[in-house]
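Comments concern the structure below.
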Amino acid sequence: DPDEQLRQQLADLSAEQAQVSAAIRQLSGRYVAPEQMVGLLQQVLAQQPKVRLLSLVNQSAEPLVLVGATDEAPVLFQHRLRFSFVGHFVDLQRMLQQLEVLPWQLHWRQLHYQVTDYPLAELTLELETVSEHEKFLRL
């Protein structure tokens with residue numbers, strides 16, 4: 001059969017693609033899904049009633065190109081979110097501790113703490129996460 005070699009190559013490539021897809025699902029499954037982010041924020045803030053969210057900025061998604069990927073389209077997107085909170089030091093610290101023990105991965109890119117009107121302080125936190133979706137926050 002003259003096409004046997006091509007069929008075998010196609011089968012090998014399909015198996016490789018399935019492995020890469022499984023690895024991507026496993027990797028992205030540890031990150032916050034778009035539809036879960038708003039609920040996650042509500043949950044964290046509900047546990048710290050003395051902390052108030054001042055602002056939330058959802059920056060443009062950046063496509064991540066995987067090494068060895070043959071498709072032109074990105075498979076994953078990196079999302080940056082910038083939050084500003086106000087509260088007392090102890091309450092802000094508890095909120096950060098809650099973020100640390102979440103079952104999802106959020107990478108801390110930047111943290112800025114400034115006392116604005118003692119004992120109140122403003123905390124600006126920039127987080128990164130990864131998703132299979134270009135649009136991240138879904139309300």
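Convention: chains lettered A, B, ... in structure tokens order; per-chain residue numbering from 1; ligands numbered from 1 as shown.
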Discussion item. Quick one: residues within 7 Å of A:His88, only C-alpha atoms, excluding same-chain residues fewer than 3 positions away - as a PyMOL selection string?
Written reply: chain A and resi 91-92+119-121
Worksheet item: What's the 7 Å shell around stretch 79-84 of chain A, counting only C-alpha atoms, without same-chain residues fewer than 3 positions away, as an MDAnalysis selection string?
Response: chainID A and resid 53:62 122:130
File of the preceding selection, C-alpha atoms, as a PDB file, in the first residue's frame:
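Output contents, as saved in result_38.pdb:
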```pdb
ATOM      1  CA  LEU A  53     -12.346  46.756  46.097  1.00  0.00           C
ATOM      2  CA  LEU A  54     -11.523  50.151  44.577  1.00  0.00           C
ATOM      3  CA  SER A  55     -10.822  49.126  41.004  1.00  0.00           C
ATOM      4  CA  LEU A  56     -10.286  46.202  38.700  1.00  0.00           C
ATOM      5  CA  VAL A  57      -8.476  46.526  35.385  1.00  0.00           C
ATOM      6  CA  ASN A  58      -8.497  43.616  32.959  1.00  0.00           C
ATOM      7  CA  GLN A  59      -5.557  44.110  30.596  1.00  0.00           C
ATOM      8  CA  SER A  60      -5.488  42.734  27.056  1.00  0.00           C
ATOM      9  CA  ALA A  61      -4.746  39.041  26.738  1.00  0.00           C
ATOM     10  CA  GLU A  62      -1.345  38.077  25.402  1.00  0.00           C
ATOM     11  CA  GLU A 122      -4.270  50.958  49.558  1.00  0.00           C
ATOM     12  CA  LEU A 123      -3.036  47.694  48.108  1.00  0.00           C
ATOM     13  CA  THR A 124      -2.525  47.369  44.371  1.00  0.00           C
ATOM     14  CA  LEU A 125      -2.046  43.814  43.215  1.00  0.00           C
ATOM     15  CA  GLU A 126      -1.304  42.634  39.685  1.00  0.00           C
ATOM     16  CA  LEU A 127      -1.979  38.962  39.055  1.00  0.00           C
ATOM     17  CA  GLU A 128      -1.395  36.739  36.034  1.00  0.00           C
ATOM     18  CA  THR A 129      -3.191  33.619  35.018  1.00  0.00           C
ATOM     19  CA  VAL A 130      -3.518  31.467  31.914  1.00  0.00           C
TER      20      VAL A 130
END
```
Discussion item. Quick check for you: according to DSSP on this backbone, which residues of chain A are classed as strand (DSSP E or B)? Reply as a ChimeraX atom specification.
Written reply: /A:31,52-58,62-64,76-88,105,107-117,120-131
Practice prompt. Find the residue from A:Val51, A:Val75, A:Val65, A:Leu102 that sits nearest to A:Phe89; use only C-alpha atoms when measuring.
Written response: A:Val51
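Atom CA of A:Leu10 is positioned 25.7 Å from atom CA of A:Leu64.
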Discussion item. I'd like to know which residues of chain A are helix (DSSP H, G or I) (by DSSP, run on the backbone); could you write them as number ranges by chain?
Written reply: A: 4-29, 34-47, 89-100
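Residue nearest A:Leu76 within the list A:Arg52, A:Arg94, A:His133, A:Arg109: A:His133 [criterion: smallest interatomic distance, only C-alpha atoms].
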Fill in: Point-to-point distance from atom CA of A:Gln36 to atom CA of A:Glu132, Å rounded to tenths
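Between atom CA of A:Gln36 and atom CA of A:Glu132 the gap is 13.6 Å.
Take the candidates A:Gln43, A:Gln9, A:Gln105, A:Gln17 and check each one against A:Tyr31 using only C-alpha atoms; the shortest distance goes to A:Gln105.
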Worksheet entry | Given only C-alpha atoms as the counted atoms, nearest of A:Asp3, A:Ser131, A:Thr116, A:Leu99 to A:Gln47 | A:Leu99
